[in-house]
file input_7.cif (mmCIF, C-alpha atoms)
data_work
#
loop_
_atom_site.label_atom_id
_atom_site.label_comp_id
_atom_site.auth_asym_id
_atom_site.auth_seq_id
_atom_site.Cartn_x
_atom_site.Cartn_y
_atom_site.Cartn_z
CA MET A 1198 -117.21 -28.61 32.15
CA VAL A 1199 -116.54 -25.67 34.46
CA ASN A 1200 -113.58 -27.44 36.03
CA ARG A 1201 -112.18 -28.21 32.58
CA LYS A 1202 -112.41 -24.54 31.60
CA ILE A 1203 -110.67 -23.58 34.80
CA VAL A 1204 -107.87 -26.07 34.09
CA ILE A 1205 -107.47 -24.79 30.52
CA PHE A 1206 -107.49 -21.17 31.67
CA GLY A 1207 -104.97 -21.93 34.41
CA SER A 1208 -102.69 -23.75 31.97
CA LEU A 1209 -102.80 -20.82 29.54
CA LEU A 1210 -102.03 -18.40 32.36
CA ILE A 1211 -99.01 -20.46 33.40
CA LEU A 1212 -97.79 -20.60 29.81
CA LEU A 1213 -98.09 -16.82 29.52
CA ILE A 1214 -96.18 -16.30 32.75
CA VAL A 1215 -93.40 -18.65 31.58
CA PHE A 1216 -93.31 -16.93 28.18
CA PHE A 1217 -92.91 -13.45 29.64
CA TYR A 1218 -90.35 -14.70 32.16
CA LEU A 1219 -88.22 -16.25 29.44
CA THR A 1220 -88.61 -13.18 27.22
CA ASP A 1221 -87.56 -10.79 29.99
CA ASN A 1222 -84.58 -12.94 30.88
CA PHE A 1223 -83.55 -13.13 27.23
CA VAL A 1224 -83.61 -9.35 27.02
CA ILE A 1225 -81.64 -9.04 30.24
CA SER A 1226 -79.14 -11.65 29.04
CA SER A 1227 -78.75 -9.93 25.69
CA LYS A 1228 -78.18 -6.59 27.39
CA ALA A 1229 -75.62 -8.17 29.71
CA ASN A 1230 -73.76 -9.62 26.75
CA SER A 1231 -73.82 -6.24 25.04
CA ASP A 1232 -72.64 -4.45 28.18
CA SER A 1233 -69.70 -6.86 28.49
CA ASN A 1234 -68.14 -5.38 25.36
CA VAL A 1235 -65.63 -2.57 25.68
CA GLU A 1236 -65.78 -0.22 22.69
CA VAL A 1237 -62.29 1.00 21.79
CA LEU A 1238 -61.31 3.73 19.34
CA ILE A 1239 -57.69 3.69 18.10
CA TYR A 1240 -56.12 6.76 16.53
CA ASN A 1241 -54.24 5.98 13.30
CA GLY A 1242 -53.87 9.40 11.67
CA THR A 1243 -50.95 11.78 11.23
CA GLY A 1244 -48.17 11.06 13.71
CA ALA A 1245 -49.33 7.57 14.69
CA MET A 1246 -46.78 4.78 14.18
CA GLU A 1247 -48.22 2.06 11.96
CA SER A 1248 -46.46 -0.74 13.85
CA SER A 1249 -47.96 0.53 17.12
CA VAL A 1250 -51.49 0.62 15.69
CA ASP A 1251 -51.04 -2.85 14.17
CA GLY A 1252 -49.67 -4.17 17.46
CA ILE A 1253 -52.64 -2.80 19.39
CA GLU A 1254 -55.06 -4.51 17.01
CA GLU A 1255 -53.11 -7.80 17.30
CA CYS A 1256 -53.23 -7.60 21.10
CA LEU A 1257 -56.98 -6.95 21.13
CA ASN A 1258 -57.59 -9.84 18.72
CA ASP A 1259 -55.41 -12.08 20.88
CA SER A 1260 -57.27 -11.02 24.00
CA ASN A 1261 -60.64 -11.79 22.39
CA ASN A 1262 -59.56 -15.10 20.84
CA LYS A 1263 -57.91 -16.38 24.02
CA ASN A 1264 -60.64 -15.12 26.37
CA MET A 1265 -58.16 -13.17 28.49
CA SER A 1266 -61.10 -11.34 30.04
CA SER A 1267 -64.82 -11.81 30.52
CA HIS A 1268 -65.11 -8.66 28.41
CA LYS A 1269 -64.66 -8.54 24.65
CA PHE A 1270 -63.10 -5.65 22.80
CA GLU A 1271 -64.79 -4.16 19.79
CA TYR A 1272 -62.53 -1.63 18.12
CA ALA A 1273 -62.22 0.73 15.19
CA THR A 1274 -59.52 3.11 13.94
CA THR A 1275 -59.84 6.74 12.97
CA SER A 1276 -57.65 9.50 11.54
CA VAL A 1277 -59.98 12.18 12.92
CA ILE A 1278 -60.79 12.74 16.58
CA ASN A 1279 -63.72 14.92 17.55
CA SER A 1280 -66.96 14.61 19.47
CA THR A 1281 -68.61 12.79 16.57
CA THR A 1282 -65.94 10.13 16.07
CA LEU A 1283 -65.64 9.57 19.84
CA SER A 1284 -69.38 9.03 20.29
CA GLY A 1285 -70.31 5.52 21.41
CA TYR A 1286 -66.83 4.48 22.56
CA ASN A 1287 -65.62 3.65 26.06
CA VAL A 1288 -61.88 4.18 25.58
CA LEU A 1289 -59.62 6.16 23.24
CA ILE A 1290 -56.12 4.83 22.55
CA MET A 1291 -53.45 7.24 21.36
CA PRO A 1292 -50.63 4.94 20.17
CA GLY A 1293 -46.90 5.47 19.81
CA GLY A 1294 -45.65 7.85 17.15
CA GLU A 1295 -44.66 11.51 16.99
CA ALA A 1296 -46.10 13.50 19.87
CA ILE A 1297 -45.50 16.85 18.18
CA ASP A 1298 -47.78 15.72 15.33
CA TYR A 1299 -50.52 15.05 17.85
CA PHE A 1300 -50.32 18.64 19.06
CA ASP A 1301 -50.01 20.24 15.62
CA ASN A 1302 -52.83 18.28 13.99
CA ASP A 1303 -56.06 20.02 13.03
CA GLU A 1304 -57.71 16.58 12.79
CA ILE A 1305 -57.33 16.08 16.55
CA ASP A 1306 -59.66 18.13 18.73
CA ASN A 1307 -58.15 17.86 22.19
CA ALA A 1308 -61.14 19.71 23.70
CA SER A 1309 -63.35 16.83 22.55
CA ILE A 1310 -60.92 14.32 24.07
CA LYS A 1311 -61.05 16.16 27.40
CA GLN A 1312 -64.84 16.22 27.35
CA PHE A 1313 -64.95 12.53 26.39
CA VAL A 1314 -62.79 11.56 29.37
CA SER A 1315 -64.34 13.98 31.85
CA GLU A 1316 -67.75 12.45 31.14
CA GLY A 1317 -66.55 9.10 32.47
CA ASN A 1318 -64.71 7.43 29.58
CA GLY A 1319 -61.11 6.28 29.36
CA TYR A 1320 -57.87 7.38 27.72
CA VAL A 1321 -54.87 5.11 27.11
CA GLY A 1322 -51.74 6.91 25.93
CA ILE A 1323 -48.72 4.89 24.81
CA CYS A 1324 -45.37 6.62 24.24
CA ALA A 1325 -46.38 9.63 22.09
CA GLY A 1326 -49.90 9.25 23.47
CA ALA A 1327 -48.44 9.45 26.99
CA TYR A 1328 -46.55 12.65 26.16
CA ALA A 1329 -49.76 14.11 24.75
CA GLY A 1330 -51.89 13.14 27.73
CA SER A 1331 -49.47 14.44 30.35
CA ASN A 1332 -49.58 17.82 32.03
CA TYR A 1333 -46.24 19.00 30.68
CA VAL A 1334 -43.36 17.65 28.57
CA ASN A 1335 -40.33 18.95 30.45
CA GLY A 1336 -38.28 21.46 28.50
CA ASP A 1337 -40.62 21.44 25.49
CA PHE A 1338 -44.34 22.16 25.70
CA ALA A 1339 -47.53 21.69 27.64
CA GLY A 1340 -49.52 18.49 27.16
CA TRP A 1341 -53.29 18.16 27.04
CA GLY A 1342 -53.39 17.81 30.81
CA LEU A 1343 -55.51 14.66 30.91
CA ALA A 1344 -53.18 13.42 33.65
CA PRO A 1345 -52.85 16.67 35.61
CA ASP A 1346 -50.48 15.16 38.18
CA VAL A 1347 -48.03 13.80 35.60
CA ASN A 1348 -45.08 15.46 33.86
CA THR A 1349 -42.99 13.62 31.28
CA SER A 1350 -39.29 13.66 30.40
CA THR A 1351 -37.93 12.58 27.02
CA GLU A 1352 -35.91 9.35 27.08
CA SER A 1353 -33.94 8.32 23.98
CA TYR A 1354 -33.57 4.60 24.78
CA GLU A 1355 -34.74 2.11 22.15
CA GLY A 1356 -34.93 -1.59 23.01
CA VAL A 1357 -36.16 -4.04 25.62
CA LEU A 1358 -36.00 -3.12 29.27
CA THR A 1359 -37.53 -4.29 32.53
CA ILE A 1360 -40.30 -2.64 34.52
CA SER A 1361 -41.49 -3.49 38.02
CA ALA A 1362 -45.11 -3.47 39.12
CA THR A 1363 -46.03 -1.46 42.20
CA SER A 1364 -48.71 -2.56 44.65
CA SER A 1365 -51.17 -0.45 42.64
CA GLY A 1366 -49.99 -2.05 39.41
CA THR A 1367 -50.62 -5.68 40.32
CA LYS A 1368 -54.05 -5.27 38.72
CA LEU A 1369 -52.22 -4.74 35.41
CA LEU A 1370 -49.13 -6.91 35.74
CA ASN A 1371 -49.29 -10.41 37.20
CA GLY A 1372 -45.53 -10.66 37.64
CA THR A 1373 -43.34 -8.30 39.67
CA LEU A 1374 -40.84 -7.82 36.81
CA THR A 1375 -41.85 -7.59 33.15
CA ASP A 1376 -39.76 -7.19 30.01
CA ILE A 1377 -41.19 -4.60 27.63
CA TYR A 1378 -40.14 -2.58 24.57
CA MET A 1379 -39.22 1.11 24.80
CA ASP A 1380 -38.90 3.49 21.82
CA THR A 1381 -37.92 6.99 23.00
CA GLY A 1382 -40.95 7.01 25.25
CA PRO A 1383 -41.32 9.17 28.34
CA ALA A 1384 -40.17 8.69 31.87
CA MET A 1385 -42.61 10.37 34.23
CA THR A 1386 -42.64 12.31 37.45
CA THR A 1387 -45.45 12.96 39.90
CA ASP A 1388 -46.08 14.07 43.45
CA ASN A 1389 -48.88 11.50 43.72
CA ASN A 1390 -47.21 8.11 44.12
CA GLN A 1391 -50.55 6.35 44.55
CA ILE A 1392 -51.13 6.53 40.82
CA VAL A 1393 -47.80 4.88 39.88
CA MET A 1394 -48.46 1.40 38.48
CA ALA A 1395 -44.99 0.40 37.28
CA THR A 1396 -41.45 1.77 37.50
CA PHE A 1397 -38.29 1.31 35.44
CA ALA A 1398 -36.38 -1.53 37.07
CA ASP A 1399 -33.02 -1.29 35.28
CA ASN A 1400 -30.53 1.40 34.27
CA ASN A 1401 -31.08 1.16 30.50
CA THR A 1402 -32.94 4.46 30.47
CA GLY A 1403 -31.09 6.31 33.17
CA TYR A 1404 -34.43 6.62 34.96
CA VAL A 1405 -34.34 3.60 37.27
CA ASN A 1406 -37.23 3.72 39.78
CA TYR A 1407 -38.96 6.49 37.83
CA PRO A 1408 -42.60 5.79 36.90
CA ALA A 1409 -43.06 3.89 33.60
CA ILE A 1410 -46.86 3.43 33.75
CA LYS A 1411 -49.25 5.73 35.58
CA GLY A 1412 -52.98 5.91 36.11
CA ASP A 1413 -54.80 9.16 36.79
CA THR A 1414 -58.29 10.64 36.70
CA TYR A 1415 -59.74 13.50 34.70
CA GLY A 1416 -63.23 14.53 35.68
CA ASP A 1417 -65.22 11.30 35.94
CA GLY A 1418 -62.91 9.40 33.60
CA ARG A 1419 -59.68 7.47 33.90
CA VAL A 1420 -56.36 8.04 32.17
CA ILE A 1421 -53.45 5.61 31.91
CA LEU A 1422 -50.10 6.62 30.41
CA SER A 1423 -47.35 4.18 29.46
CA GLY A 1424 -43.85 5.14 28.40
CA PRO A 1425 -43.05 1.60 27.11
CA HIS A 1426 -44.99 -0.31 24.43
CA PRO A 1427 -47.04 -3.34 25.58
CA GLU A 1428 -48.12 -3.84 21.94
CA MET A 1429 -44.57 -4.22 20.56
CA ASN A 1430 -42.20 -7.19 20.84
CA PRO A 1431 -42.14 -8.71 23.38
CA GLN A 1432 -45.88 -8.24 22.91
CA ASN A 1433 -47.92 -8.29 26.10
CA PRO A 1434 -51.65 -8.50 25.27
CA GLU A 1435 -52.50 -9.28 28.91
CA LEU A 1436 -51.03 -5.96 30.01
CA LEU A 1437 -52.83 -3.99 27.32
CA THR A 1438 -56.07 -5.85 28.14
CA ASN A 1439 -55.80 -4.85 31.78
CA MET A 1440 -54.89 -1.27 30.92
CA LEU A 1441 -58.06 -0.98 28.85
CA LEU A 1442 -60.20 -2.65 31.52
CA TRP A 1443 -58.83 -0.26 34.14
CA ALA A 1444 -59.39 2.79 31.91
CA SER A 1445 -62.98 1.64 31.19
CA LYS A 1446 -63.60 1.06 34.95
CA GLU A 1447 -64.13 -2.67 34.48
CA ILE A 1448 -61.42 -3.29 37.09
CA ASN A 1449 -60.50 -1.07 40.04
#
call {"tool": "encode", "arguments": {"input": "input_7.cif", "output": "C-alpha cells"}}
result
Amino acid sequence: MVNRKIVIFGSLLILLIVFFYLTDNFVISSKANSDSNVEVLIYNGTGAMESSVDGIEECLNDSNNKNMSSHKFEYATTSVINSTTLSGYNVLIMPGGEAIDYFDNDEIDNASIKQFVSEGNGYVGICAGAYAGSNYVNGDFAGWGLAPDVNTSTESYEGVLTISATSSGTKLLNGTLTDIYMDTGPAMTTDNNQIVMATFADNNTGYVNYPAIKGDTYGDGRVILSGPHPEMNPQNPELLTNMLLWASKEIN
C-alpha cells in the first residue's frame, strides 16, 4: 500500500512538473511571438501625400503576407504626433509630401519626436520626411535635427532613377543597383560617410554619387532618411522592410 502511494505521489509530482514546464514555455513562446512584431506609426495628416501613405501600407502588407522577414509589422496611421500618439510604437514613418507643412503644423510636436527617438526608437523619413529629419535644408530652413550629421539639398527631378548600395547599405539593398522613384526629394551631404547607405548612380538628378539614403543615430535611437520613394512605383517592399528593421534595431 505504501509503495502504491509513493508511485501515485511520484506520478502526480511528475505531472505537475510537466504542467509548469509547458505553461512556462507557452508564456515564453507567446512573449517571443509578441516581441517579433514591429509596431509602426505612419503620419497621414496635413502635408502627407496620400499616395505615399497608401504605398507604405501596401508595402507593409506585402512584407507580412510574403514573410519577407521573421518580424511582422503592425501599423496604424495618425494625423497628430505627440507623446501620447507615439506611445507603444517602435518606429515613426514620416512619408513623402510637403516638408514645409511638417514644420508649420501645430499637430506635429517635434519635441515629442525627438524624445521618442532619443529613448531608443526609430524614425524613417521619406522625401519630405527626410527634409524634416535632417539637420538643415540648404538655403531654406533648419530641420528637426534627428540626423545631426545630414544636410539636405532640394532636387526637382520627378521619375525613376538608379541608386547604388554602399557597403553599409547591403543590409538594405540586396542588389548593387536599384531602380527607384524620385519626386523632388532631397539629395544629402554629410561629413560622416559611414552612415551613407545608397548613392545616386545616374545623372538624372545632377547629384550623381551624392547620398540618396542615409542612416544616423539620435540619442539611443536610429534615424534613416531616404530622398527617393521605396513605396512608389517601382515599389520596393523589401527595401522598406529592411529600412524599418534597421531603424527598430532588428538588423545592424
call {"tool": "residues_around", "arguments": {"input": "input_7.cif", "residues": "A:Thr1381", "least_positions_apart": "2", "cutoff": "12 Å", "atoms": "only C-alpha atoms", "output": "PDB file with C-alpha atoms, in the frame of the given file"}}
result
ATOM      1  CA  GLY A1293     -46.900   5.470  19.810  1.00  0.00           C
ATOM      2  CA  GLY A1294     -45.650   7.850  17.150  1.00  0.00           C
ATOM      3  CA  GLU A1295     -44.660  11.510  16.990  1.00  0.00           C
ATOM      4  CA  ALA A1296     -46.100  13.500  19.870  1.00  0.00           C
ATOM      5  CA  ILE A1323     -48.720   4.890  24.810  1.00  0.00           C
ATOM      6  CA  CYS A1324     -45.370   6.620  24.240  1.00  0.00           C
ATOM      7  CA  ALA A1325     -46.380   9.630  22.090  1.00  0.00           C
ATOM      8  CA  ALA A1327     -48.440   9.450  26.990  1.00  0.00           C
ATOM      9  CA  TYR A1328     -46.550  12.650  26.160  1.00  0.00           C
ATOM     10  CA  THR A1349     -42.990  13.620  31.280  1.00  0.00           C
ATOM     11  CA  SER A1350     -39.290  13.660  30.400  1.00  0.00           C
ATOM     12  CA  THR A1351     -37.930  12.580  27.020  1.00  0.00           C
ATOM     13  CA  GLU A1352     -35.910   9.350  27.080  1.00  0.00           C
ATOM     14  CA  SER A1353     -33.940   8.320  23.980  1.00  0.00           C
ATOM     15  CA  TYR A1354     -33.570   4.600  24.780  1.00  0.00           C
ATOM     16  CA  GLU A1355     -34.740   2.110  22.150  1.00  0.00           C
ATOM     17  CA  GLY A1356     -34.930  -1.590  23.010  1.00  0.00           C
ATOM     18  CA  VAL A1357     -36.160  -4.040  25.620  1.00  0.00           C
ATOM     19  CA  TYR A1378     -40.140  -2.580  24.570  1.00  0.00           C
ATOM     20  CA  MET A1379     -39.220   1.110  24.800  1.00  0.00           C
ATOM     21  CA  PRO A1383     -41.320   9.170  28.340  1.00  0.00           C
ATOM     22  CA  ALA A1384     -40.170   8.690  31.870  1.00  0.00           C
ATOM     23  CA  ASN A1401     -31.080   1.160  30.500  1.00  0.00           C
ATOM     24  CA  THR A1402     -32.940   4.460  30.470  1.00  0.00           C
ATOM     25  CA  SER A1423     -47.350   4.180  29.460  1.00  0.00           C
ATOM     26  CA  GLY A1424     -43.850   5.140  28.400  1.00  0.00           C
ATOM     27  CA  PRO A1425     -43.050   1.600  27.110  1.00  0.00           C
ATOM     28  CA  HIS A1426     -44.990  -0.310  24.430  1.00  0.00           C
TER      29      HIS A1426
END
call {"tool": "closest_residue", "arguments": {"input": "input_7.cif", "among": "A:Thr1243, A:Val1235, A:Leu1283, A:Ile1392", "to": "A:Ser1267", "atoms": "all atoms listed in the file"}}
result
A:Val1235
call {"tool": "residues_around", "arguments": {"input": "input_7.cif", "residues": "stretch 1414-1422 of chain A", "least_positions_apart": "6", "cutoff": "7 Å", "atoms": "only C-alpha atoms", "output": "PyMOL selection string"}}
result
chain A and resi 1314-1323+1327+1343-1344+1444
call {"tool": "closest_residue", "arguments": {"input": "input_7.cif", "among": "A:Ala1339, A:Ile1278, A:Leu1441, A:Leu1369", "to": "A:Ala1395", "atoms": "only C-alpha atoms"}}
result
A:Leu1369
call {"tool": "closest_residue", "arguments": {"input": "input_7.cif", "among": "A:Asp1346, A:Glu1428, A:Glu1447, A:Asp1303", "to": "A:Met1246", "atoms": "all atoms listed in the file"}}
result
A:Glu1428
call {"tool": "residues_around", "arguments": {"input": "input_7.cif", "residues": "A:Asp1306", "least_positions_apart": "3", "cutoff": "12 Å", "atoms": "all atoms listed in the file", "output": "ChimeraX atom specification"}}
result
/A:1276-1283,1299-1303,1309-1313,1341
call {"tool": "closest_residue", "arguments": {"input": "input_7.cif", "among": "A:Gly1382, A:Pro1427, A:Gly1330, A:Pro1434", "to": "A:Gly1412", "atoms": "all atoms listed in the file"}}
result
A:Gly1330
call {"tool": "resolve_selection", "arguments": {"input": "input_7.cif", "expression": "the PyMOL selection byres ((chain A and resi 1366-1368) around 9)", "output": "count of residues only"}}
result
21
call {"tool": "resolve_selection", "arguments": {"input": "input_7.cif", "expression": "the PyMOL selection byres ((chain A and resi 1360) around 7)", "output": "PyMOL selection string"}}
result
chain A and resi 1358-1359+1361-1362+1374-1376+1395-1398
call {"tool": "atom_distance", "arguments": {"input": "input_7.cif", "atom1": "atom CA of A:Val1347", "atom2": "atom CA of A:Tyr1272"}}
result
27.5 Å
call {"tool": "residues_near_point", "arguments": {"input": "input_7.cif", "point": "(-51.1, -2.0, 13.6)", "cutoff": "10 Å", "atoms": "all atoms listed in the file", "output": "list in words"}}
result
Ile1239, Asn1241, Ala1245, Met1246, Glu1247, Ser1248, Ser1249, Val1250, Asp1251, Gly1252, Ile1253, Glu1254, Glu1255, Cys1256, Thr1274, Pro1292, Glu1428 and Met1429 of chain A
call {"tool": "atom_distance", "arguments": {"input": "input_7.cif", "atom1": "atom CA of A:Asn1234", "atom2": "atom CA of A:Lys1269"}}
result
4.8 Å
